[in-house]
Each structure stands twice: as C-alpha cells, then as structure tokens.
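Coordinates as given in structure.txt (compact mmCIF, C-alpha atoms and all ligand atoms):
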```txt
# COMPACT_ATOMS: atom_id res chain seq x y z
CA MET A 13 70.86 142.39 98.52
CA THR A 14 67.74 140.58 99.70
CA ALA A 15 64.30 141.62 98.46
CA LEU A 16 62.38 143.46 101.15
CA LEU A 17 59.33 144.10 98.99
CA GLU A 18 58.17 141.83 96.14
CA VAL A 19 55.19 142.87 94.06
CA ARG A 20 53.83 140.54 91.37
CA GLY A 21 50.89 141.00 89.03
CA LEU A 22 49.32 143.78 91.08
CA ASN A 23 45.98 145.01 89.75
CA ALA A 24 43.86 147.74 91.35
CA TRP A 25 40.56 149.47 90.73
CA TYR A 26 38.80 152.67 91.73
CA GLY A 27 35.20 151.54 91.43
CA GLU A 28 34.81 150.38 87.82
CA SER A 29 38.08 152.00 86.70
CA HIS A 30 40.84 149.46 86.30
CA ILE A 31 44.01 151.47 87.11
CA LEU A 32 46.87 149.01 87.79
CA HIS A 33 47.33 146.30 85.17
CA GLY A 34 49.84 143.85 86.60
CA VAL A 35 52.54 145.85 88.39
CA ASP A 36 55.75 143.86 89.01
CA MET A 37 58.48 145.37 91.13
CA THR A 38 61.11 144.54 93.71
CA VAL A 39 62.69 146.74 96.37
CA ARG A 40 65.78 145.36 98.05
CA GLU A 41 66.94 146.10 101.56
CA GLY A 42 68.83 149.41 101.77
CA GLU A 43 67.88 150.59 98.27
CA THR A 44 66.28 153.86 97.22
CA VAL A 45 63.90 153.17 94.34
CA THR A 46 62.01 155.81 92.38
CA ILE A 47 58.90 155.32 90.26
CA LEU A 48 58.85 157.70 87.29
CA GLY A 49 56.02 158.29 84.83
CA ARG A 50 53.71 160.81 83.27
CA ASN A 51 50.69 162.23 85.12
CA GLY A 52 47.88 159.78 85.61
CA VAL A 53 49.77 156.53 84.78
CA GLY A 54 49.12 155.09 88.25
CA LYS A 55 52.16 155.99 90.38
CA THR A 56 50.23 157.26 93.38
CA THR A 57 47.75 154.41 93.01
CA THR A 58 50.66 151.94 93.16
CA LEU A 59 51.78 153.37 96.51
CA ARG A 60 48.22 153.54 97.87
CA THR A 61 47.62 149.94 96.82
CA LEU A 62 50.88 148.74 98.35
CA VAL A 63 50.03 150.19 101.74
CA GLY A 64 46.43 148.95 101.57
CA ILE A 65 44.51 152.23 101.18
CA VAL A 66 43.18 150.94 97.85
CA ARG A 67 41.58 147.64 98.81
CA ALA A 68 40.09 146.69 95.43
CA ARG A 69 43.24 144.87 94.40
CA LYS A 70 44.53 141.55 93.15
CA GLY A 71 48.02 140.09 92.93
CA GLN A 72 50.94 139.52 95.28
CA ILE A 73 52.58 141.90 97.76
CA VAL A 74 55.14 140.27 100.02
CA PHE A 75 56.98 142.50 102.46
CA ASN A 76 59.71 141.16 104.72
CA GLY A 77 58.16 137.69 104.41
CA THR A 78 54.60 138.86 105.21
CA ASP A 79 51.74 138.46 102.73
CA MET A 80 50.47 142.05 102.75
CA MET A 81 47.29 141.16 100.85
CA LYS A 82 46.02 139.72 104.13
CA VAL A 83 47.03 142.69 106.29
CA PRO A 84 44.45 145.39 107.11
CA LEU A 85 45.47 149.02 106.58
CA HIS A 86 45.88 149.81 110.27
CA ARG A 87 48.41 146.95 110.62
CA THR A 88 50.63 148.10 107.73
CA ALA A 89 52.93 150.20 109.92
CA ARG A 90 53.28 147.31 112.40
CA CYS A 91 54.51 145.21 109.51
CA GLY A 92 57.22 147.83 108.91
CA ILE A 93 55.91 150.03 106.10
CA GLY A 94 55.56 153.79 106.61
CA PHE A 95 53.77 155.98 104.07
CA VAL A 96 54.03 159.76 103.64
CA PRO A 97 51.19 160.76 101.28
CA GLU A 98 51.38 163.75 98.94
CA GLU A 99 49.21 165.73 101.37
CA ARG A 100 51.76 164.84 104.10
CA GLY A 101 49.51 163.68 106.91
CA ILE A 102 50.65 165.64 109.92
CA PHE A 103 48.33 166.87 112.66
CA SER A 104 48.20 170.51 111.68
CA THR A 105 46.53 171.72 114.87
CA LEU A 106 49.26 170.15 117.02
CA SER A 107 52.79 171.41 117.60
CA VAL A 108 55.90 169.89 116.05
CA MET A 109 56.75 168.29 119.38
CA GLU A 110 53.26 166.80 119.79
CA ASN A 111 53.40 165.44 116.25
CA LEU A 112 56.70 163.77 117.09
CA MET A 113 55.49 162.34 120.40
CA LEU A 114 52.29 160.76 119.01
CA PRO A 115 53.47 158.07 116.60
CA PRO A 116 53.66 154.67 118.26
CA GLN A 117 56.94 152.80 118.07
CA VAL A 118 56.11 149.73 116.01
CA ALA A 119 59.56 148.17 115.89
CA ASP A 120 63.06 148.53 117.31
CA GLY A 121 65.11 151.16 115.54
CA GLY A 122 62.63 154.03 115.79
CA MET A 123 64.62 157.27 115.94
CA SER A 124 64.91 159.16 119.22
CA LEU A 125 64.03 162.85 119.40
CA ASP A 126 67.75 163.65 119.56
CA GLU A 127 68.35 161.71 116.35
CA ILE A 128 65.37 163.39 114.68
CA PHE A 129 66.61 166.85 115.63
CA GLU A 130 70.10 166.03 114.42
CA LEU A 131 68.63 165.06 111.04
CA PHE A 132 66.17 167.99 110.94
CA PRO A 133 67.70 170.88 112.94
CA ASN A 134 64.96 173.24 111.75
CA LEU A 135 62.30 171.08 113.43
CA GLN A 136 64.08 171.61 116.74
CA GLU A 137 63.95 175.36 116.23
CA ARG A 138 60.24 175.07 115.42
CA ARG A 139 59.44 172.49 118.10
CA ASN A 140 56.67 174.59 119.67
CA SER A 141 55.14 175.81 116.42
CA GLN A 142 51.74 174.56 115.33
CA GLY A 143 51.62 172.43 112.16
CA THR A 144 49.61 175.06 110.29
CA ARG A 145 52.36 177.62 110.87
CA LEU A 146 55.06 175.51 109.24
CA SER A 147 56.31 176.08 105.71
CA GLY A 148 55.64 173.38 103.10
CA GLY A 149 59.21 172.13 103.50
CA GLU A 150 58.94 171.96 107.28
CA GLN A 151 55.66 170.08 106.99
CA GLN A 152 57.27 167.56 104.65
CA MET A 153 60.21 167.09 107.02
CA LEU A 154 57.85 166.67 109.97
CA ALA A 155 55.83 164.10 108.02
CA ILE A 156 59.01 162.12 107.30
CA ALA A 157 60.24 162.55 110.88
CA ARG A 158 56.98 161.16 112.28
CA ILE A 159 57.44 157.99 110.25
CA LEU A 160 61.07 157.66 111.30
CA ARG A 161 60.01 157.72 114.95
CA THR A 162 58.07 154.48 114.43
CA GLY A 163 60.94 152.21 113.43
CA VAL A 164 59.52 151.08 110.09
CA LYS A 165 61.88 149.36 107.64
CA LEU A 166 60.47 150.80 104.42
CA LEU A 167 59.73 154.48 103.92
CA ILE A 168 57.30 155.22 101.06
CA LEU A 169 57.11 158.84 99.88
CA ASP A 170 54.67 160.31 97.36
CA GLU A 171 56.23 163.30 95.57
CA PRO A 172 58.19 164.57 98.58
CA THR A 173 59.52 167.65 96.76
CA GLU A 174 56.27 168.84 95.21
CA GLY A 175 55.80 172.59 95.52
CA LEU A 176 59.01 173.09 97.50
CA ALA A 177 61.74 175.67 96.85
CA PRO A 178 65.03 174.36 95.36
CA VAL A 179 66.96 174.88 98.60
CA ILE A 180 64.43 172.78 100.53
CA VAL A 181 64.44 170.11 97.82
CA GLN A 182 68.20 169.91 98.30
CA ARG A 183 67.74 169.52 102.07
CA ILE A 184 65.31 166.66 101.56
CA GLY A 185 67.84 165.04 99.23
CA GLU A 186 70.48 165.28 101.97
CA VAL A 187 68.08 163.72 104.48
CA LEU A 188 67.43 160.80 102.13
CA LYS A 189 71.18 160.28 101.68
CA LYS A 190 71.68 160.19 105.46
CA LEU A 191 68.82 157.73 105.85
CA LYS A 192 70.43 155.57 103.20
CA GLU A 193 73.68 155.58 105.20
CA ARG A 194 71.63 154.30 108.15
CA GLY A 195 70.38 151.43 105.98
CA MET A 196 66.82 152.69 105.44
CA THR A 197 64.96 151.38 102.38
CA VAL A 198 63.03 154.03 100.46
CA LEU A 199 60.44 153.84 97.68
CA LEU A 200 59.30 157.11 96.18
CA VAL A 201 57.25 158.58 93.41
CA GLU A 202 58.86 161.72 92.03
CA GLN A 203 58.18 164.15 89.19
CA ASN A 204 61.35 166.13 89.87
CA PHE A 205 63.73 164.10 87.73
CA ARG A 206 66.88 166.02 88.77
CA PHE A 207 66.13 165.26 92.41
CA ALA A 208 65.27 161.64 91.68
CA SER A 209 68.48 161.10 89.72
CA ARG A 210 70.50 162.31 92.72
CA VAL A 211 68.87 160.16 95.38
CA ALA A 212 67.81 156.92 93.66
CA ASP A 213 69.80 153.72 93.13
CA ARG A 214 67.22 152.32 90.75
CA PHE A 215 64.19 153.43 88.74
CA TYR A 216 60.96 151.99 87.43
CA LEU A 217 59.22 153.72 84.56
CA MET A 218 55.47 153.38 84.64
CA GLU A 219 53.00 153.62 81.76
CA HIS A 220 49.32 152.68 81.63
CA GLY A 221 49.29 150.98 85.04
CA GLN A 222 52.38 148.83 84.49
CA MET A 223 56.12 149.05 84.98
CA VAL A 224 57.49 149.18 81.44
CA SER A 225 61.17 149.61 82.19
CA GLU A 226 63.59 149.17 85.09
CA PHE A 227 67.16 150.50 85.30
CA LYS A 228 69.94 151.45 87.69
CA VAL A 229 71.24 154.98 88.21
CA GLU A 230 74.46 154.01 86.35
CA GLU A 231 72.34 153.27 83.27
CA LEU A 232 70.75 156.74 83.23
CA PRO A 233 73.00 158.20 80.48
CA GLU A 234 71.94 155.55 77.97
CA ARG A 235 68.27 155.91 79.02
CA MET A 236 68.09 159.68 78.69
CA ASP A 237 66.77 159.72 75.11
CA MET A 238 63.93 157.39 76.05
CA LEU A 239 63.17 159.35 79.26
CA HIS A 240 63.20 162.57 77.31
CA LYS A 241 60.60 161.17 74.92
CA VAL A 242 58.38 159.74 77.66
CA LEU A 243 58.74 162.34 80.41
CA GLY A 244 60.08 165.37 78.60
CA VAL A 245 63.09 165.57 80.96
N1 LIG B 301 40.14 158.34 94.05
C1 LIG B 301 40.06 158.10 92.73
N2 LIG B 301 38.92 157.69 92.15
C2 LIG B 301 38.83 157.45 90.83
N3 LIG B 301 39.88 157.56 89.98
C3 LIG B 301 41.05 157.96 90.48
C4 LIG B 301 41.22 158.26 91.89
N4 LIG B 301 42.49 158.64 92.09
C5 LIG B 301 43.11 158.58 90.88
N5 LIG B 301 42.24 158.18 89.92
C6 LIG B 301 42.57 157.96 88.50
O1 LIG B 301 43.51 156.90 88.44
C7 LIG B 301 44.49 157.15 87.43
C8 LIG B 301 45.89 157.05 88.05
O2 LIG B 301 46.03 158.09 89.00
P1 LIG B 301 47.34 158.26 89.88
O3 LIG B 301 47.08 159.39 90.84
O4 LIG B 301 47.76 156.97 90.41
O5 LIG B 301 48.38 158.74 88.79
P2 LIG B 301 49.85 159.28 88.97
O6 LIG B 301 50.69 158.52 88.04
O7 LIG B 301 50.23 159.28 90.41
O8 LIG B 301 49.73 160.74 88.43
P3 LIG B 301 49.78 162.14 89.18
O9 LIG B 301 51.20 162.52 89.17
O10 LIG B 301 48.93 162.99 88.30
O11 LIG B 301 49.20 161.92 90.55
C9 LIG B 301 44.16 158.49 86.84
O12 LIG B 301 43.45 158.29 85.66
C10 LIG B 301 43.27 159.15 87.88
O13 LIG B 301 42.37 160.03 87.27
```

Output the file's structure in the form of structure tokens.
Ligand SMILES: Nc1ncnc2c1ncn2[C@@H]1O[C@H](COP(=O)(O)OP(=O)(O)OP(=O)(O)O)[C@@H](O)[C@H]1O
Amino acid sequence: MTALLEVRGLNAWYGESHILHGVDMTVREGETVTILGRNGVGKTTTLRTLVGIVRARKGQIVFNGTDMMKVPLHRTARCGIGFVPEERGIFSTLSVMENLMLPPQVADGGMSLDEIFELFPNLQERRNSQGTRLSGGEQQMLAIARILRTGVKLLILDEPTEGLAPVIVQRIGEVLKKLKERGMTVLLVEQNFRFASRVADRFYLMEHGQMVSEFKVEELPERMDMLHKVLGV
C-alpha cells in the first residue's frame, strides 16, 4: 500500500507550551489507523496540527504528494483531508438537509445524497430536523456525512464515539467498515479501546507528544499487557 500521509519530526506548540515532540507516523491508502494514548498526551493536538488548525508547528507533513506545511487551513479540504473535530462542527441552526447541501465538493468521489442516506438511513428520516434537535449520535453521523459529501481522500475523526450509547457506537463502527470497503482512508483518535480494536488495521500509541509504539491489529494479543499498563484497558 502506498503512503497517503507521511508525518516526520512534527513539533507543535500552544503559546510557550511545547506539546508535540517529533511525531512520526504514516497512513497508507485504504487503511484505518487509530491513535491511542492517555489523556493529555497530545492526540487531539496531533490531529489539529495535521489539518493546520495549530499553526505553531515544525516538521514534515506530506499528504498525497503535497507539502501540507505550506497549505493554509482553508485549503486543507481541497487537498483532500476532512476533519471531524470532537465538537463535531455541524451547523446546529440548520436542518440535516441544509447541512448536507452546504459542503462544497472539493474532489471527484464526493458521495451523493442517495449514497449518504443509504449509509445513514436515520439521517434521511431526520432530513428536516434542525441540528440542535438531533441526538449526539445523529450529530456525529451528520458531521461524518458532511465530510463524505466533499470527496476528500482522508477522513480524520477525533473521538467519534465519545458520549454515545453502545448501540450508536456499534452503528458508527459499521459505517467505518463500509467506508473501508469503499477504499476510504481513516485516521482517528479514540479512547474507546473496544471500538478501536474492531475498526482499526493499525495503531499508534502516543506518550508525551510522541508516537512510542506502532502495531497492527493482528499484534494486539501480544500487546495487551503493555496496553493494559499504559491505558488501563
Ligand atoms: N488550546 C490549548 N492551549 C493550551 N494548551 C492546550 C490547548 N489544548 C490542549 N492543551 C494542552 O496540550 C496537551 C495535549 O492536549 P491534547 O488535547 O492534545 O491531549 P489528548 O491526548 O488529545 O488528550 P484528551 O483525550 O484529554 O483530549 C495537554 O497538556 C493540554 O492541556
């Protein structure tokens, strides 16, 4: 598999606070990769730095052949990276339908409304509901659906299952599996280890602003002792 995203020696700062200390990671085309780690180690900051929200950064980010260090935040989606933040980023005063009609198509391969509603039947039922009236799970699905409309090649998700009921978590897992079948590449941060172990092909474990370990899903059994110690899973 070819590397879609290559990150080398990535450092990032919030003001004086040095948060990322040389992050190295690779995401290959079609893979689902999960970043694991305790609270506060820099997982969210890694995603925010990759997409260019955190600009105080140093190092290399190459995506699909483009040097992302030179790309302003508003051009990130055009380059093919879509980001769903923890707070989801939908327009809560607009309806489901309006939220789905707004995102610009940035590349070929953006999903049609029919495809979106096939993947998220509940969004079709709620098509006229305002964002604020949606459940947490529906909001998360709408946030993902909005990104899928654009045609990006890499979907980045920050804790997509946070605060959601087990049945909804399972639905999101099914969505990610279907996206994988379509060839989508996904990078996510996830605290829910059970969920992550079902959807991911590969994991990075993060500590103190660096990736300290990298392993495939097949290697999970032999890593469980270490993960138990670090994450308490
Ligand atoms: N906007 C900010 N300004 C200053 N410091 C921040 C900011 N956001 C996060 N931090 C700090 O950066 C460090 C890394 O935070 P980050 O959110 O990336 O961690 P995380 O691994 O995603 O953990 P969590 O699961 O708790 O979000 C923490 O020490 C946090 O307090």

**Asked** How far is it from atom CA of Gly148 of chain A to atom CA of Tyr26 of chain A, in Å with one decimal?
**Response**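 Between atom CA of Gly148 of chain A and atom CA of Tyr26 of chain A the gap is 29.0 Å.
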
**Asked** Pick from A:Ile184, A:Met223, A:Ala177, A:Met123: nearest to Val19 of chain A, with only C-alpha atoms counted?
**Response** A:Met223

**Item:** Point-to-point distance in Å for atom CA of Glu226 of chain A and atom CA of Glu98 of chain A
**Value:**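 If I compute the distance from atom CA of Glu98 of chain A to atom CA of Glu226 of chain A, I get 23.5 Å.
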
**Shell of 6 Å around ligand LIG 301 (chain B) (only C-alpha atoms and all ligand atoms), written as a PyMOL selection string** = chain A and resi 26+31+51-57

**Request:** Would you kindly return, as number ranges by chain, each protein, DNA or RNA residue with an atom no farther than 9 Å from any atom of segment 210-217 of chain A, considering only C-alpha atoms and excluding same-chain residues fewer than 2 positions away?
**Result:** A: 37, 43-49, 185-186, 188-189, 198-200, 205-208, 219, 222-230, 239

**Request:** Considering all atoms listed in the file, state which residue in the set A:Val83, A:Val96, A:Ile180, A:Ala157 is at the smallest distance from Leu125 of chain A.
**Result:**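 Closest residue, counting all atoms listed in the file: A:Ala157.
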
**Asked** In terms of the shortest atom-to-atom distance over all atoms listed in the file, which of A:Gly143, A:Gly122, A:Pro178, A:Gly195 is closest to Ser107 of chain A?
**Response**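 That would be A:Gly143, the residue with the smallest distance to Ser107 of chain A.
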
With a distance cut-off of 7 Å and all atoms listed in the file, select the neighbouring residues of Pro115 of chain A, excluding the residue or stretch itself and same-chain residues fewer than 2 positions from it, and output the selection as an mmCIF file with C-alpha atoms, in the frame of the given file.
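Done, and the output landed in part-v3.cif:
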```cif
data_model
loop_
_atom_site.group_PDB
_atom_site.id
_atom_site.type_symbol
_atom_site.label_atom_id
_atom_site.label_comp_id
_atom_site.auth_asym_id
_atom_site.auth_seq_id
_atom_site.Cartn_x
_atom_site.Cartn_y
_atom_site.Cartn_z
ATOM 1 C CA LEU A 112 56.700 163.770 117.090
ATOM 2 C CA MET A 113 55.490 162.340 120.400
ATOM 3 C CA GLN A 117 56.940 152.800 118.070
ATOM 4 C CA ARG A 158 56.980 161.160 112.280
ATOM 5 C CA ARG A 161 60.010 157.720 114.950
ATOM 6 C CA THR A 162 58.070 154.480 114.430
#
```

**Message:** Set the distance at 10 Å and use only C-alpha atoms: which residues neighbour Trp25 of chain A once local chain neighbours fewer than 6 positions away are removed? I'd like the list as a list in words.
**Reply:** Ile31, Leu32, His33, Thr57, Thr61, Val66, Arg67, Ala68, Arg69 and Lys70 of chain A

**Request:** To one decimal in Å, tell me the separation between atom CA of Gly64 of chain A and atom CA of Arg87 of chain A.
**Result:**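 Between these atoms lies a distance of 9.5 Å.
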
**Message:** Give me, as a list in words, all polymer residues having an atom no more than 9 Å from Gly42 of chain A, counting only C-alpha atoms and skipping those fewer than 3 positions away in the same chain.
**Reply:** Met13, Leu16, Val39, Leu166, Lys192, Glu193, Arg194, Gly195, Met196, Thr197 and Val198 of chain A

**Message:** Here is a test: counting only C-alpha atoms, which residue of A:Pro116, A:Gly221, A:Gly27, A:Gly77 is nearest to Gly94 of chain A?
**Reply:** A:Pro116

**Request:** Show which residues sit within 12 Å of Arg138 of chain A, as a list in words. Count all atoms listed in the file, and ignore same-chain residues fewer than 3 positions away.
**Result:**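 Neighbouring residues, sequence-local ones excluded: Ser107, Val108, Met109, Glu110, Asn111, Leu112, Phe129, Phe132, Pro133, Asn134, Leu135, Ser141, Gln142, Gly143, Thr144, Arg145, Leu146, Ser147, Glu150, Gln151, Met153 and Leu154 of chain A.
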
Reconstruct segment 117-131 of chain A at the level of N, CA and C atoms, and format the result as a compact mmCIF listing (two decimals), in the coordinates of the input.
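Once written, part_18.txt looks like this:
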```txt
# COMPACT_ATOMS: atom_id res chain seq x y z
N GLN A 117 55.77 153.55 118.56
CA GLN A 117 56.94 152.80 118.07
C GLN A 117 56.45 151.41 117.71
N VAL A 118 56.63 151.03 116.44
CA VAL A 118 56.11 149.73 116.01
C VAL A 118 57.20 148.68 115.94
N ALA A 119 58.45 149.12 115.95
CA ALA A 119 59.56 148.17 115.89
C ALA A 119 60.80 148.81 116.50
N ASP A 120 61.79 147.99 116.84
CA ASP A 120 63.06 148.53 117.31
C ASP A 120 63.65 149.38 116.19
N GLY A 121 64.44 150.37 116.57
CA GLY A 121 65.11 151.16 115.54
C GLY A 121 64.39 152.46 115.23
N GLY A 122 63.28 152.73 115.94
CA GLY A 122 62.63 154.03 115.79
C GLY A 122 63.60 155.11 116.27
N MET A 123 63.63 156.25 115.58
CA MET A 123 64.62 157.27 115.94
C MET A 123 64.19 158.06 117.17
N SER A 124 65.17 158.35 118.03
CA SER A 124 64.91 159.16 119.22
C SER A 124 64.72 160.61 118.79
N LEU A 125 64.20 161.43 119.73
CA LEU A 125 64.03 162.85 119.40
C LEU A 125 65.37 163.49 119.09
N ASP A 126 66.42 163.09 119.82
CA ASP A 126 67.75 163.65 119.56
C ASP A 126 68.19 163.34 118.14
N GLU A 127 67.96 162.10 117.72
CA GLU A 127 68.35 161.71 116.35
C GLU A 127 67.54 162.48 115.31
N ILE A 128 66.25 162.64 115.60
CA ILE A 128 65.37 163.39 114.68
C ILE A 128 65.87 164.83 114.54
N PHE A 129 66.20 165.45 115.69
CA PHE A 129 66.61 166.85 115.63
C PHE A 129 68.00 167.02 115.02
N GLU A 130 68.80 165.97 115.08
CA GLU A 130 70.10 166.03 114.42
C GLU A 130 69.89 166.00 112.89
N LEU A 131 68.93 165.19 112.47
CA LEU A 131 68.63 165.06 111.04
C LEU A 131 67.86 166.28 110.51
```
